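*Asks:* This is the content of run02.txt (compact mmCIF, C-alpha atoms):
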```txt
# COMPACT_ATOMS: atom_id res chain seq x y z
CA MET A 1 -102.30 165.34 -18.31
CA SER A 2 -100.79 167.41 -21.12
CA VAL A 3 -99.93 171.11 -21.11
CA ARG A 4 -102.98 171.74 -23.28
CA ASP A 5 -105.27 169.75 -20.94
CA SER A 6 -103.97 171.64 -17.90
CA HIS A 7 -104.48 174.95 -19.68
CA HIS A 8 -108.03 174.02 -20.74
CA LYS A 9 -108.90 173.04 -17.15
CA ALA A 10 -107.47 176.36 -15.98
CA MET A 11 -109.60 178.26 -18.49
CA ALA A 12 -112.73 176.36 -17.41
CA PHE A 13 -112.14 177.43 -13.78
CA ALA A 14 -111.34 180.96 -14.98
CA GLU A 15 -114.76 181.09 -16.69
CA HIS A 16 -116.41 180.03 -13.42
CA ALA A 17 -114.45 182.76 -11.64
CA LEU A 18 -115.63 185.36 -14.13
CA LEU A 19 -119.26 184.29 -13.76
CA ALA A 20 -118.98 184.34 -9.97
CA ARG A 21 -117.47 187.84 -10.09
CA ILE A 22 -120.23 189.07 -12.42
CA GLN A 23 -122.85 187.63 -10.07
CA GLY A 24 -121.25 189.39 -7.12
CA HIS A 25 -119.87 186.28 -5.45
CA ARG A 26 -116.41 187.69 -4.71
CA GLU A 27 -115.15 184.86 -2.48
CA ASP A 28 -116.24 182.20 -4.97
CA ALA A 29 -114.51 184.13 -7.75
CA ILE A 30 -111.28 184.15 -5.75
CA GLU A 31 -111.53 180.41 -5.06
CA PHE A 32 -112.19 179.60 -8.73
CA SER A 33 -109.25 181.80 -9.72
CA LYS A 34 -107.03 179.87 -7.28
CA LYS A 35 -108.13 176.56 -8.83
CA ALA A 36 -107.50 177.91 -12.32
CA LEU A 37 -104.08 179.14 -11.23
CA GLU A 38 -103.15 175.69 -9.90
CA HIS A 39 -103.83 174.15 -13.32
CA GLU A 40 -102.03 176.91 -15.20
CA LEU A 41 -98.98 176.47 -12.97
CA VAL A 42 -99.04 172.74 -13.73
CA ALA A 43 -98.93 173.56 -17.44
CA ILE A 44 -95.99 175.92 -16.88
CA ARG A 45 -94.13 173.29 -14.81
CA LYS A 46 -94.61 170.75 -17.60
CA LEU A 47 -93.03 173.15 -20.09
CA ASP A 48 -90.18 173.81 -17.65
CA GLU A 49 -89.56 170.08 -17.19
CA ARG A 50 -89.26 169.67 -20.95
CA GLY A 51 -87.12 172.78 -21.30
CA GLU A 52 -89.65 174.26 -23.73
CA ARG A 53 -89.87 178.03 -23.94
CA ALA A 54 -91.48 178.35 -27.35
CA GLU A 55 -93.38 181.55 -27.95
CA PRO A 56 -96.17 182.47 -27.76
CA THR A 57 -97.08 179.48 -25.54
CA TRP A 58 -94.58 180.39 -22.82
CA SER A 59 -95.68 183.99 -22.41
CA VAL A 60 -99.40 183.23 -22.90
CA LEU A 61 -99.36 180.73 -20.04
CA HIS A 62 -97.46 183.15 -17.81
CA ARG A 63 -99.78 186.03 -18.70
CA SER A 64 -102.79 183.88 -17.90
CA ALA A 65 -101.27 182.60 -14.65
CA GLY A 66 -100.25 186.14 -13.72
CA TRP A 67 -103.79 187.48 -14.05
CA LEU A 68 -105.20 184.45 -12.22
CA ALA A 69 -102.75 185.03 -9.36
CA PHE A 70 -103.70 188.72 -9.30
CA ASN A 71 -107.42 187.84 -9.25
CA SER A 72 -106.85 185.41 -6.38
CA ASN A 73 -105.03 188.07 -4.32
CA GLN A 74 -101.56 186.58 -4.84
CA VAL A 75 -99.99 189.82 -6.00
CA HIS A 76 -96.35 188.84 -5.44
CA LEU A 77 -96.73 185.61 -7.43
CA SER A 78 -98.52 187.58 -10.13
CA GLY A 79 -95.58 189.95 -10.48
CA LYS A 80 -93.09 187.09 -10.51
CA LEU A 81 -94.96 185.39 -13.36
CA ALA A 82 -95.25 188.59 -15.40
CA ARG A 83 -91.55 189.39 -14.96
CA LYS A 84 -90.58 185.81 -15.89
CA ALA A 85 -92.55 186.08 -19.15
CA LEU A 86 -91.15 189.52 -19.95
CA ALA A 87 -87.61 188.18 -19.46
CA GLY A 88 -88.20 185.97 -22.50
CA ASN A 89 -89.17 187.17 -25.93
CA PRO A 90 -92.95 187.66 -25.82
CA HIS A 91 -94.96 188.94 -28.77
CA PRO A 92 -95.34 192.75 -28.45
CA GLU A 93 -99.08 192.53 -27.76
CA ILE A 94 -98.54 189.98 -25.01
CA ALA A 95 -95.70 192.08 -23.60
CA ASP A 96 -98.08 195.06 -23.46
CA GLU A 97 -100.64 192.95 -21.59
CA LEU A 98 -97.96 191.76 -19.16
CA ARG A 99 -96.90 195.35 -18.49
CA GLU A 100 -100.56 196.30 -17.94
CA LEU A 101 -100.66 193.54 -15.34
CA LEU A 102 -97.56 195.04 -13.73
CA VAL A 103 -99.26 198.46 -13.62
CA GLN A 104 -102.23 196.89 -11.83
CA ILE A 105 -99.89 195.06 -9.46
CA TYR A 106 -98.08 198.32 -8.72
CA ARG A 107 -101.39 200.02 -7.92
CA SER A 108 -102.38 197.13 -5.67
CA LEU A 109 -99.05 197.25 -3.83
CA GLU A 110 -99.42 201.00 -3.50
CA LYS A 111 -102.77 200.48 -1.78
CA ASP A 112 -101.22 197.86 0.50
CA LEU A 113 -98.49 200.35 1.44
CA ILE A 114 -101.04 203.07 2.19
CA TYR A 115 -103.00 200.63 4.34
CA VAL A 116 -99.91 199.53 6.29
CA ARG A 117 -98.92 203.14 6.88
CA TRP A 118 -102.46 203.94 7.97
CA GLN A 119 -102.33 201.07 10.49
CA ASN A 120 -99.10 202.52 11.85
CA ALA A 121 -100.45 206.07 12.12
CA GLY A 122 -98.29 207.24 9.22
CA PHE A 123 -95.03 205.98 10.70
CA GLU A 124 -92.65 203.69 8.84
CA SER A 125 -92.68 200.04 9.86
CA GLU A 126 -90.97 196.78 9.00
CA GLU A 127 -94.22 195.59 7.42
CA GLU A 128 -93.78 197.99 4.52
CA ASP A 129 -90.28 196.83 3.52
CA PRO A 130 -91.39 193.81 1.45
CA ILE A 131 -94.11 195.93 -0.17
CA LEU A 132 -91.58 198.61 -1.13
CA ASP A 133 -89.20 195.94 -2.47
CA ALA A 134 -91.97 194.45 -4.61
CA MET A 135 -92.96 197.92 -5.85
CA GLU A 136 -89.38 198.58 -6.89
CA GLU A 137 -89.17 195.26 -8.79
CA VAL A 138 -92.39 196.05 -10.64
CA TRP A 139 -91.34 199.65 -11.33
CA CYS A 140 -88.13 198.47 -12.99
CA GLU A 141 -90.10 196.27 -15.40
CA LEU A 142 -92.34 199.10 -16.57
CA SER A 143 -91.57 201.14 -19.65
CA GLU A 144 -90.66 204.78 -19.21
CA GLU A 145 -94.08 205.72 -20.59
CA GLU A 146 -95.86 203.53 -18.03
CA GLN A 147 -93.73 204.97 -15.23
CA GLN A 148 -94.63 208.49 -16.36
CA LEU A 149 -98.31 207.56 -16.46
CA LEU A 150 -98.19 206.22 -12.89
CA TYR A 151 -96.23 209.25 -11.77
CA ALA A 152 -98.70 211.64 -13.41
CA GLU A 153 -101.69 209.89 -11.85
CA GLY A 154 -100.12 210.16 -8.41
CA THR A 155 -100.82 208.03 -5.39
CA GLN A 156 -104.36 206.79 -5.17
CA SER A 157 -106.05 207.32 -1.83
CA LEU A 158 -107.95 204.70 0.09
CA ILE A 159 -110.48 207.35 1.05
CA ARG A 160 -113.04 207.07 -1.71
CA ASN A 161 -116.50 208.10 -2.72
CA ALA A 162 -118.94 206.22 -0.49
CA ASN A 163 -121.06 205.38 -3.55
CA GLU A 164 -118.30 203.33 -5.19
CA ASN A 165 -118.73 199.58 -5.21
CA LEU A 166 -115.56 198.56 -3.39
CA PRO A 167 -114.70 195.82 -0.90
CA HIS A 168 -114.44 198.45 1.83
CA SER A 169 -116.79 201.21 2.83
CA CYS A 170 -116.20 204.83 3.70
CA CYS A 171 -118.10 206.61 6.42
CA THR A 172 -118.16 210.33 6.95
CA ASP A 173 -120.41 210.26 10.03
CA GLY A 174 -118.33 210.83 13.11
CA ASN A 175 -115.18 211.44 11.01
CA ILE A 176 -114.34 207.75 10.78
CA TRP A 177 -113.68 205.46 7.86
CA LYS A 178 -113.34 201.76 7.53
CA VAL A 179 -110.86 200.23 5.15
CA TYR A 180 -111.49 196.54 5.73
CA SER A 181 -113.98 194.93 8.05
CA SER A 182 -111.19 193.38 10.13
CA THR A 183 -109.47 196.74 10.70
CA PRO A 184 -110.28 198.59 13.89
CA VAL A 185 -111.90 201.91 13.13
CA ARG A 186 -109.79 204.95 14.07
CA PRO A 187 -110.87 208.58 14.03
CA LEU A 188 -109.73 210.28 10.85
CA ARG A 189 -107.97 213.03 12.83
CA GLU A 190 -105.54 210.37 14.20
CA VAL A 191 -104.54 209.41 10.66
CA ALA A 192 -104.43 212.80 8.98
```
Can the structure in the file be given as structure tokens, please?
*Replies:*
Amino acid sequence: MSVRDSHHKAMAFAEHALLARIQGHREDAIEFSKKALEHELVAIRKLDERGERAEPTWSVLHRSAGWLAFNSNQVHLSGKLARKALAGNPHPEIADELRELLVQIYRSLEKDLIYVRWQNAGFESEEEDPILDAMEEVWCELSEEEQQLLYAEGTQSLIRNANENLPHSCCTDGNIWKVYSSTPVRPLREVA
């Protein structure tokens, strides 16, 4: 199978993922994104084996694979792919899209960090070290303008409007909130 064939298969699965997401089938969307990612990584490996790093093909495949990894909840792989593409010489528009991916990755890691700290009643833990390391790697790849934007926006809370359509739900009754269904519910006063 050629690089082009692998990429086309990846895009076909990516279309299925998009349709599943639009239809509200989150788990199916993640699975289709994983399948698409597998094919995109095959295309990248083929280029690596040949020693080809021609632009824009190199950065386009990495951008695509990065977003597919992000959409299949493989945030660390997503960041690795984006940074690998940015280390080359991507077209400015593609570089902007890769940095936008890094901003989204940073936000996702930030939420992971908040969640880990919440699980540990606000105390530091070993679980947060790899998250902080990944956040630092992503931060260093962002432009000064993007860093300022993230800084100005501040940390985003996991406590959200109950009307938002998110994978977790917030409850105000009884001063409790649930972050993920597998997380034991703790009174808010223990966390605050």
*Asks:* Considering only C-alpha atoms, state which residue in the set A:Asp96, A:Glu38, A:Glu145, A:Glu127 is at the smallest distance from A:Asp112.
*Replies:* A:Glu127
*Asks:* Given the choices A:Glu27, A:Leu142, A:Leu41, A:Ala20, which gets closest to A:Ser6 if the distance is worked out from all atoms listed in the file?
*Replies:*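 Selected residue with least distance to A:Ser6: A:Leu41.
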*Asks:* What does the distance between atom CA of A:Ile94 and atom CA of A:Leu109 come to in Å, to one decimal place?
*Replies:* 22.4 Å
*Asks:* Determine, counting only C-alpha atoms, which protein, DNA and RNA residues have an atom within 12 Å of an atom of A:Glu100; residues of the same chain fewer than 3 positions away are not included. Present the result as a PDB file with C-alpha atoms, keeping the file's coordinate frame.
*Replies:*
```pdb
ATOM      1  CA  ARG A  63     -99.780 186.030 -18.700  1.00  0.00           C
ATOM      2  CA  GLY A  66    -100.250 186.140 -13.720  1.00  0.00           C
ATOM      3  CA  TRP A  67    -103.790 187.480 -14.050  1.00  0.00           C
ATOM      4  CA  PHE A  70    -103.700 188.720  -9.300  1.00  0.00           C
ATOM      5  CA  SER A  78     -98.520 187.580 -10.130  1.00  0.00           C
ATOM      6  CA  GLY A  79     -95.580 189.950 -10.480  1.00  0.00           C
ATOM      7  CA  ALA A  82     -95.250 188.590 -15.400  1.00  0.00           C
ATOM      8  CA  ARG A  83     -91.550 189.390 -14.960  1.00  0.00           C
ATOM      9  CA  LEU A  86     -91.150 189.520 -19.950  1.00  0.00           C
ATOM     10  CA  GLU A  93     -99.080 192.530 -27.760  1.00  0.00           C
ATOM     11  CA  ILE A  94     -98.540 189.980 -25.010  1.00  0.00           C
ATOM     12  CA  ALA A  95     -95.700 192.080 -23.600  1.00  0.00           C
ATOM     13  CA  ASP A  96     -98.080 195.060 -23.460  1.00  0.00           C
ATOM     14  CA  GLU A  97    -100.640 192.950 -21.590  1.00  0.00           C
ATOM     15  CA  VAL A 103     -99.260 198.460 -13.620  1.00  0.00           C
ATOM     16  CA  GLN A 104    -102.230 196.890 -11.830  1.00  0.00           C
ATOM     17  CA  ILE A 105     -99.890 195.060  -9.460  1.00  0.00           C
ATOM     18  CA  TYR A 106     -98.080 198.320  -8.720  1.00  0.00           C
ATOM     19  CA  ARG A 107    -101.390 200.020  -7.920  1.00  0.00           C
ATOM     20  CA  VAL A 138     -92.390 196.050 -10.640  1.00  0.00           C
ATOM     21  CA  TRP A 139     -91.340 199.650 -11.330  1.00  0.00           C
ATOM     22  CA  GLU A 141     -90.100 196.270 -15.400  1.00  0.00           C
ATOM     23  CA  LEU A 142     -92.340 199.100 -16.570  1.00  0.00           C
ATOM     24  CA  SER A 143     -91.570 201.140 -19.650  1.00  0.00           C
ATOM     25  CA  GLU A 145     -94.080 205.720 -20.590  1.00  0.00           C
ATOM     26  CA  GLU A 146     -95.860 203.530 -18.030  1.00  0.00           C
ATOM     27  CA  GLN A 147     -93.730 204.970 -15.230  1.00  0.00           C
ATOM     28  CA  LEU A 149     -98.310 207.560 -16.460  1.00  0.00           C
ATOM     29  CA  LEU A 150     -98.190 206.220 -12.890  1.00  0.00           C
TER      30      LEU A 150
END
```
*Asks:* Skipping near chain neighbours, those fewer than 3 positions away, what residues fall within 8 Å of A:Lys46 using all atoms listed in the file, listed as a list in words?
*Replies:* Ser2, Val3, Val42, Ala43, Glu49 and Arg50 of chain A
*Asks:* Please report the interatomic distance between atom CA of A:Cys140 and atom CA of A:Leu102 in Å with one decimal.
*Replies:*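 About the pair atom CA of A:Cys140 and atom CA of A:Leu102: they are 10.1 Å apart.
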*Asks:* Could you work out how far atom CA of A:Gly51 lies from atom CA of A:Ala87, giving the answer in Å with one decimal?
*Replies:*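 Result for atom CA of A:Ala87 versus atom CA of A:Gly51: 15.5 Å, one decimal.
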*Asks:* For A:Leu113, which residue out of A:Glu126, A:Leu101, A:His16, A:Asn89 is the nearest one, using only C-alpha atoms?
*Replies:* A:Glu126
*Asks:* For A:His91, which of A:Asp28, A:Arg53, A:Ser59, A:Glu153 is the closest residue, counting all atoms listed in the file?
*Replies:*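 Comparing A:Asp28, A:Arg53, A:Ser59, A:Glu153 against A:His91, the winner is A:Ser59.
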*Asks:* For each of A:Ala121, A:His76, A:Asp129, A:His39, take the minimum atom-to-atom distance to A:Asp5, counting only C-alpha atoms, then give the residue where this is smallest.
*Replies:*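 Smallest distance to A:Asp5 is found for A:His39.
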*Asks:* Taking all atoms of stretch 45-55 of chain A that appear in the file, build a box with edges along x, y and z, extend it by 5 Å on every side, and state its centre and edge lengths in Å to one decimal, as JSON.
*Replies:*
```
{"center_x": -90.9, "center_y": 175.6, "center_z": -21.4, "size_x": 17.5, "size_y": 21.9, "size_z": 23.1}
```
*Asks:* For the point (-114.5, 187.1, -8.4) in file coordinates, what residues are within 12 Å, counting all atoms listed in the file? Give the answer as a list in words?
*Replies:*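 The requested residues, written out, are Phe13, Ala14, Glu15, His16, Ala17, Leu18, Leu19, Ala20, Arg21, Ile22, Gln23, Gly24, His25, Arg26, Glu27, Asp28, Ala29, Ile30, Glu31, Phe32, Ser33, Lys34, Leu68, Ala69, Phe70, Asn71, Ser72, Asn73 and Pro167 of chain A.
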